[in-house]
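See below for input.cif, which holds mmCIF, C-alpha atoms and all ligand atoms.
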```cif
data_upload
#
loop_
_atom_site.label_atom_id
_atom_site.label_comp_id
_atom_site.auth_asym_id
_atom_site.auth_seq_id
_atom_site.Cartn_x
_atom_site.Cartn_y
_atom_site.Cartn_z
CA MET A 1374 10.10 -1.23 -17.93
CA THR A 1375 6.43 -1.76 -17.31
CA ASP A 1376 5.28 1.81 -17.04
CA ARG A 1377 3.52 2.01 -20.38
CA PRO A 1378 0.03 3.47 -20.10
CA ARG A 1379 -2.40 0.77 -19.06
CA ARG A 1380 -5.25 0.04 -21.37
CA THR A 1381 -8.65 -0.01 -19.78
CA GLY A 1382 -10.21 -3.38 -19.09
CA GLU A 1383 -6.85 -5.09 -18.69
CA ALA A 1384 -6.94 -7.63 -15.90
CA VAL A 1385 -3.71 -6.48 -14.30
CA ALA A 1386 -2.73 -5.85 -10.74
CA ARG A 1387 -2.76 -2.14 -9.99
CA LYS A 1388 0.77 -0.82 -10.26
CA PRO A 1389 1.50 1.57 -7.41
CA ILE A 1390 1.98 5.16 -8.51
CA ILE A 1391 4.01 7.63 -6.49
CA ALA A 1392 3.90 11.19 -7.70
CA GLY A 1393 5.70 14.28 -6.47
CA ASN A 1394 3.60 17.42 -6.56
CA TRP A 1395 6.19 20.15 -6.31
CA LYS A 1396 3.55 22.89 -6.11
CA MET A 1397 5.04 26.39 -6.68
CA ASN A 1398 8.62 25.39 -5.89
CA LEU A 1399 11.93 25.12 -7.78
CA ASN A 1400 13.09 26.91 -10.89
CA HIS A 1401 13.97 24.91 -13.99
CA LEU A 1402 17.62 24.47 -13.03
CA GLU A 1403 16.69 23.20 -9.58
CA ALA A 1404 14.12 20.97 -11.22
CA ILE A 1405 16.73 19.29 -13.39
CA ALA A 1406 19.02 18.76 -10.41
CA LEU A 1407 16.23 17.21 -8.35
CA VAL A 1408 15.24 14.73 -11.04
CA GLN A 1409 18.86 13.75 -11.66
CA LYS A 1410 19.41 13.18 -7.94
CA ALA A 1411 16.22 11.23 -7.43
CA HIS A 1412 17.10 9.01 -10.39
CA TYR A 1413 20.56 8.44 -8.90
CA HIS A 1414 18.91 7.03 -5.78
CA LEU A 1415 16.54 4.74 -7.67
CA ARG A 1416 17.26 1.30 -9.09
CA GLU A 1417 15.72 -0.37 -12.10
CA LYS A 1418 13.71 -2.66 -9.85
CA ASP A 1419 12.21 0.37 -8.11
CA TYR A 1420 10.87 1.63 -11.41
CA ASP A 1421 9.61 -1.84 -12.24
CA ALA A 1422 7.69 -1.99 -8.97
CA VAL A 1423 6.37 1.56 -8.84
CA GLU A 1424 5.36 4.13 -11.43
CA VAL A 1425 7.24 7.30 -10.54
CA VAL A 1426 5.87 10.70 -11.57
CA VAL A 1427 7.05 14.25 -11.01
CA CYS A 1428 4.76 17.26 -11.38
CA PRO A 1429 6.91 20.40 -11.62
CA PRO A 1430 5.58 23.90 -12.25
CA PHE A 1431 4.87 24.72 -15.91
CA THR A 1432 8.15 26.60 -16.27
CA SER A 1433 10.14 23.42 -15.64
CA LEU A 1434 8.18 20.95 -17.73
CA ARG A 1435 10.24 21.37 -20.88
CA SER A 1436 13.55 21.09 -19.04
CA VAL A 1437 12.49 17.97 -17.19
CA GLN A 1438 11.04 16.47 -20.36
CA THR A 1439 14.33 16.99 -22.21
CA LEU A 1440 16.27 15.44 -19.34
CA ILE A 1441 14.13 12.33 -18.90
CA GLU A 1442 13.96 11.70 -22.63
CA GLY A 1443 17.62 12.35 -23.29
CA ASP A 1444 18.87 10.24 -20.40
CA ARG A 1445 16.09 7.65 -20.69
CA ILE A 1446 15.02 8.20 -17.10
CA PRO A 1447 11.85 6.18 -16.50
CA ILE A 1448 10.09 8.93 -14.59
CA ALA A 1449 6.78 10.12 -15.99
CA LEU A 1450 6.03 13.79 -16.36
CA GLY A 1451 2.93 15.41 -14.91
CA ALA A 1452 1.54 18.93 -14.78
CA GLN A 1453 -0.18 20.44 -11.78
CA SER A 1454 -3.19 21.86 -13.58
CA CYS A 1455 -4.45 23.00 -16.98
CA HIS A 1456 -7.30 24.81 -18.62
CA TRP A 1457 -9.97 22.78 -20.39
CA GLU A 1458 -10.00 24.68 -23.66
CA GLU A 1459 -7.69 23.93 -26.56
CA LYS A 1460 -6.57 27.55 -26.96
CA GLY A 1461 -7.92 31.06 -26.76
CA ALA A 1462 -8.21 34.22 -24.71
CA PHE A 1463 -7.45 32.77 -21.28
CA THR A 1464 -4.57 34.89 -20.07
CA GLY A 1465 -2.19 32.99 -17.84
CA GLU A 1466 -3.59 29.57 -18.60
CA VAL A 1467 -1.98 26.52 -20.19
CA SER A 1468 -3.94 24.18 -22.43
CA PRO A 1469 -4.04 20.39 -22.29
CA ALA A 1470 -2.84 20.27 -25.91
CA MET A 1471 0.32 22.11 -24.90
CA LEU A 1472 0.93 19.66 -22.08
CA ALA A 1473 0.32 16.66 -24.31
CA ARG A 1474 2.84 18.05 -26.79
CA LEU A 1475 5.39 18.15 -23.97
CA LYS A 1476 4.67 14.47 -23.43
CA CYS A 1477 3.07 14.97 -20.08
CA SER A 1478 1.46 11.70 -19.05
CA TYR A 1479 -0.46 13.07 -16.08
CA VAL A 1480 -2.22 16.26 -15.07
CA ILE A 1481 -3.44 16.94 -11.55
CA ALA A 1482 -7.03 18.20 -11.49
CA GLY A 1483 -8.83 19.68 -8.53
CA HIS A 1484 -6.05 19.79 -5.99
CA SER A 1485 -7.50 21.16 -2.75
CA GLU A 1486 -5.30 24.24 -3.04
CA ARG A 1487 -6.89 24.98 -6.42
CA ARG A 1488 -10.33 24.28 -5.03
CA ALA A 1489 -9.79 26.52 -1.99
CA LEU A 1490 -7.62 29.31 -3.41
CA PHE A 1491 -8.69 29.46 -7.06
CA GLY A 1492 -12.34 28.55 -6.82
CA GLU A 1493 -12.25 25.26 -8.71
CA THR A 1494 -15.57 23.50 -8.40
CA ASP A 1495 -16.36 19.87 -9.12
CA GLU A 1496 -17.78 21.07 -12.43
CA VAL A 1497 -14.49 22.70 -13.38
CA VAL A 1498 -12.54 19.66 -12.25
CA ASN A 1499 -14.85 17.49 -14.33
CA ARG A 1500 -14.27 19.58 -17.45
CA LYS A 1501 -10.54 19.42 -16.88
CA ALA A 1502 -10.54 15.68 -16.31
CA LYS A 1503 -12.48 15.08 -19.53
CA THR A 1504 -10.23 17.25 -21.64
CA ILE A 1505 -7.09 15.75 -20.11
CA ILE A 1506 -8.36 12.31 -21.11
CA ALA A 1507 -9.34 13.58 -24.56
CA HIS A 1508 -5.73 14.62 -25.07
CA GLY A 1509 -4.41 11.18 -24.20
CA MET A 1510 -3.20 12.04 -20.71
CA THR A 1511 -4.30 10.72 -17.35
CA PRO A 1512 -5.93 13.01 -14.81
CA ILE A 1513 -5.00 12.71 -11.16
CA VAL A 1514 -8.31 13.83 -9.71
CA CYS A 1515 -7.97 15.09 -6.14
CA VAL A 1516 -10.67 14.87 -3.51
CA GLY A 1517 -10.65 15.27 0.25
CA GLU A 1518 -12.61 16.62 3.18
CA ARG A 1519 -11.80 19.58 5.41
CA LEU A 1520 -11.21 19.16 9.12
CA GLU A 1521 -14.59 20.48 10.18
CA GLU A 1522 -16.26 18.14 7.73
CA ARG A 1523 -14.39 15.15 9.12
CA GLU A 1524 -15.19 16.18 12.67
CA ALA A 1525 -18.85 16.51 11.76
CA GLY A 1526 -18.79 12.94 10.44
CA ARG A 1527 -19.36 14.15 6.88
CA THR A 1528 -16.26 12.68 5.22
CA GLU A 1529 -18.10 10.17 3.03
CA GLU A 1530 -20.80 12.64 2.08
CA VAL A 1531 -18.25 15.29 1.03
CA VAL A 1532 -15.79 12.97 -0.69
CA GLY A 1533 -18.59 11.00 -2.35
CA ALA A 1534 -20.05 14.20 -3.82
CA GLN A 1535 -16.61 15.31 -5.05
CA VAL A 1536 -15.98 11.96 -6.73
CA ARG A 1537 -19.39 11.90 -8.41
CA GLY A 1538 -19.18 15.53 -9.49
CA SER A 1539 -15.59 15.39 -10.71
CA LEU A 1540 -16.02 12.16 -12.64
CA ALA A 1541 -19.50 12.72 -14.09
CA GLY A 1542 -19.85 11.63 -17.70
CA ILE A 1543 -16.46 9.92 -17.89
CA THR A 1544 -16.93 6.55 -19.59
CA ARG A 1545 -16.54 3.28 -17.74
CA GLU A 1546 -13.43 2.42 -19.72
CA GLN A 1547 -11.85 5.79 -19.04
CA LEU A 1548 -12.72 5.62 -15.36
CA GLY A 1549 -10.72 2.45 -14.92
CA ALA A 1550 -7.60 4.13 -16.27
CA ILE A 1551 -7.59 7.36 -14.27
CA VAL A 1552 -5.94 8.14 -10.95
CA VAL A 1553 -7.78 9.55 -7.96
CA ALA A 1554 -5.90 11.10 -5.07
CA TYR A 1555 -7.55 11.13 -1.67
CA GLU A 1556 -6.02 14.09 0.14
CA PRO A 1557 -7.74 15.08 3.37
CA VAL A 1558 -7.26 18.84 3.49
CA TRP A 1559 -6.29 18.80 7.16
CA ALA A 1560 -3.36 16.48 6.40
CA ILE A 1561 -1.82 18.59 3.64
CA GLY A 1562 1.36 20.36 4.66
CA THR A 1563 0.52 19.97 8.32
CA GLY A 1564 2.67 17.00 9.29
CA ARG A 1565 -0.57 15.42 10.46
CA THR A 1566 -1.04 12.28 8.41
CA ALA A 1567 -4.30 10.38 8.38
CA ARG A 1568 -4.14 7.10 10.27
CA PRO A 1569 -3.35 4.50 7.59
CA GLU A 1570 -6.49 2.49 8.37
CA ASP A 1571 -8.65 5.63 8.19
CA ALA A 1572 -7.09 6.59 4.86
CA GLY A 1573 -7.55 3.02 3.63
CA ALA A 1574 -11.21 3.10 4.63
CA VAL A 1575 -11.90 6.33 2.72
CA VAL A 1576 -9.98 5.04 -0.30
CA GLY A 1577 -12.09 1.87 -0.17
CA PHE A 1578 -15.18 4.05 -0.01
CA ILE A 1579 -14.00 6.01 -3.09
CA ARG A 1580 -13.44 2.75 -4.94
CA GLY A 1581 -17.00 1.81 -4.10
CA VAL A 1582 -18.31 5.08 -5.52
CA VAL A 1583 -16.29 4.55 -8.71
CA GLY A 1584 -17.89 1.11 -8.87
CA GLU A 1585 -21.35 2.62 -8.57
CA ILE A 1586 -20.61 5.06 -11.37
CA GLY A 1587 -18.58 2.84 -13.66
CA GLY A 1588 -18.99 -0.76 -12.63
CA THR A 1589 -16.76 -3.36 -11.03
CA ALA A 1590 -14.07 -3.44 -13.69
CA ALA A 1591 -13.50 0.30 -13.36
CA ALA A 1592 -13.44 0.07 -9.57
CA ASP A 1593 -10.94 -2.78 -9.72
CA SER A 1594 -8.51 -0.99 -11.98
CA VAL A 1595 -8.76 2.68 -10.95
CA ARG A 1596 -5.69 3.64 -8.97
CA ILE A 1597 -6.30 5.63 -5.81
CA GLN A 1598 -3.49 7.45 -4.06
CA TYR A 1599 -3.30 8.91 -0.59
CA GLY A 1600 -1.81 12.37 -0.12
CA GLY A 1601 -1.16 14.50 2.95
CA SER A 1602 2.13 14.69 4.86
CA VAL A 1603 3.51 11.52 3.31
CA THR A 1604 7.13 10.99 4.33
CA GLU A 1605 9.77 8.28 4.07
CA GLY A 1606 8.82 7.43 7.67
CA ASN A 1607 5.10 6.77 7.19
CA VAL A 1608 4.81 5.67 3.57
CA ALA A 1609 5.23 1.94 4.24
CA ASP A 1610 2.31 1.88 6.69
CA ILE A 1611 0.15 3.80 4.24
CA MET A 1612 1.05 1.53 1.33
CA ALA A 1613 0.34 -1.52 3.50
CA GLN A 1614 -3.36 -0.65 3.18
CA HIS A 1615 -4.44 -2.85 0.32
CA GLU A 1616 -6.90 -0.28 -1.07
CA ILE A 1617 -4.20 2.39 -1.40
CA ASP A 1618 -2.33 2.30 -4.70
CA GLY A 1619 0.18 5.06 -4.23
CA ALA A 1620 0.96 8.46 -2.83
CA LEU A 1621 0.76 12.06 -3.96
CA VAL A 1622 3.65 13.67 -2.15
CA GLY A 1623 4.10 17.40 -1.58
CA GLY A 1624 6.86 18.67 0.68
CA ALA A 1625 8.90 15.48 0.87
CA SER A 1626 9.07 15.26 -2.93
CA LEU A 1627 11.27 18.38 -3.00
CA ASP A 1628 14.09 16.41 -1.41
CA ALA A 1629 15.54 13.91 -3.89
CA GLU A 1630 16.74 11.44 -1.29
CA LYS A 1631 13.49 11.50 0.66
CA PHE A 1632 11.44 11.14 -2.50
CA ALA A 1633 13.56 8.15 -3.57
CA LEU A 1634 13.09 6.58 -0.13
CA ILE A 1635 9.34 7.04 -0.47
CA VAL A 1636 9.42 5.30 -3.86
CA ARG A 1637 11.51 2.54 -2.23
CA TYR A 1638 8.97 2.04 0.55
CA ARG A 1639 9.26 -1.72 0.20
CA ASP A 1640 12.95 -1.79 1.25
P1 LIG B 1701 2.28 17.49 1.65
O1 LIG B 1701 2.90 16.15 1.31
O2 LIG B 1701 3.30 18.60 1.69
O3 LIG B 1701 1.42 17.39 2.84
O4 LIG B 1701 1.33 17.87 0.41
C1 LIG B 1701 0.42 16.92 -0.02
C2 LIG B 1701 -0.17 17.39 -1.28
O5 LIG B 1701 -0.92 18.34 -1.31
C3 LIG B 1701 0.19 16.67 -2.51
O6 LIG B 1701 -0.61 17.06 -3.57
#
```

Before anything else, please render the file you have as structure tokens.
Amino acid sequence: MTDRPRRTGEAVARKPIIAGNWKMNLNHLEAIALVQKAHYHLREKDYDAVEVVVCPPFTSLRSVQTLIEGDRIPIALGAQSCHWEEKGAFTGEVSPAMLARLKCSYVIAGHSERRALFGETDEVVNRKAKTIIAHGMTPIVCVGERLEEREAGRTEEVVGAQVRGSLAGITREQLGAIVVAYEPVWAIGTGRTARPEDAGAVVGFIRGVVGEIGGTAAADSVRIQYGGSVTEGNVADIMAQHEIDGALVGGASLDAEKFALIVRYRD
């Protein structure tokens, strides 16, 4: 088992991280079944090679936590969002402290669906990322351009601004330990994956921006995932891009066998 949290500044190779973002799918009973099935399809060496994360809806976090702890399943738990305050009058919200208490290791911040449908700005994402870190968890900070922005040749401008805005004020040490997910909006849920070399180029660009903000060590150790219509059929080509350190998987992560095949992309 090598999936302990990495300390910043460690001169280690970046361990690939494959996370399932279940979005608003599956009740807690279905959640348990999915994790059990995925684990059944994974071998110890898969977990050694890849950090595996599932991000169920809030209502399933406790059930999945109990399962993975009780059965010693080496899958890390992540949440899909959180508020940035500790507690208070924020009806419907969940605080980072609550997630940390459930032993969540990761929290997604700034998914494009939250940006587009719930008005999350870079400033909000930044607040969330900072508070997630302050509670000992790792943010998975999502960025990505819309189709019209890509077509207008504005991908780097848009993604660069998102990275700078979302990560402002995060220390160099912390920057090296976070996860960024590059998810071009036009590739999410559309079956239209970015060409691996295009995704690799944007991920390389993001690494460069992290380097400008936080220095070379942070750029070298930050893990950057690709997300957007990742399947068991295209994951190997995506992971072959040396800049890409993992995948944030939506639809295909709801199928235990497919998700396990994605984790086993080296086979
Ligand atoms: P799909 O894999 O369904 O395209 O979703 C990607 C995503 O949004 C993961 O966060």

(message) Report as a PyMOL selection string all protein, DNA and RNA residues lying within 8 Å of stretch 1597-1605 of chain A, evaluated on only C-alpha atoms, omitting residues in the same chain fewer than 5 positions from it.
(response) chain A and resi 1390-1391+1552-1567+1572+1576+1580+1611+1616-1625+1631-1632+1634-1635+1638

For stretch 1453-1460 of chain A, take all atoms listed in the file, fit an axis-aligned box around them, add 3 Å to each of the six sides, then output centre and edge lengths in Å rounded to one decimal, as JSON.
```
{"center_x": -5.1, "center_y": 24.0, "center_z": -19.4, "size_x": 15.8, "size_y": 13.1, "size_z": 21.2}
```

(request) Mind giving me the straight-line distance from atom CA of A:Gly1577 to atom CA of A:Met1510 in Å, one decimal? (result) 24.6 Å

(message) What's the separation between atom CA of A:Ala1534 and atom CA of A:Asp1593, in Å to one decimal place?
(response)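 Atom-to-atom, atom CA of A:Ala1534 and atom CA of A:Asp1593 are spaced 20.2 Å apart.
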
(message) List the spatial neighbours of A:Gly1588 as number ranges by chain - criterion: any atom at most 10 Å away, all atoms listed in the file, same-chain residues fewer than 6 positions off excluded.
(response) A: 1545-1546, 1548-1549, 1581-1582

(request) Would you please work out which residue, of A:Leu1472, A:Val1608, A:Ala1541, A:Val1408, is nearest to ligand LIG 1701 (chain B) when using only C-alpha atoms and all ligand atoms? (result)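 With only C-alpha atoms and all ligand atoms as the atom set, the closest residue is A:Val1608.
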
(request) Could you tell me which of A:His1401, A:Arg1523, A:Arg1487, A:His1615 comes closest to ligand LIG 1701 (chain B) if we count all atoms listed in the file? (result)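 Closest residue, counting all atoms listed in the file: A:Arg1487.
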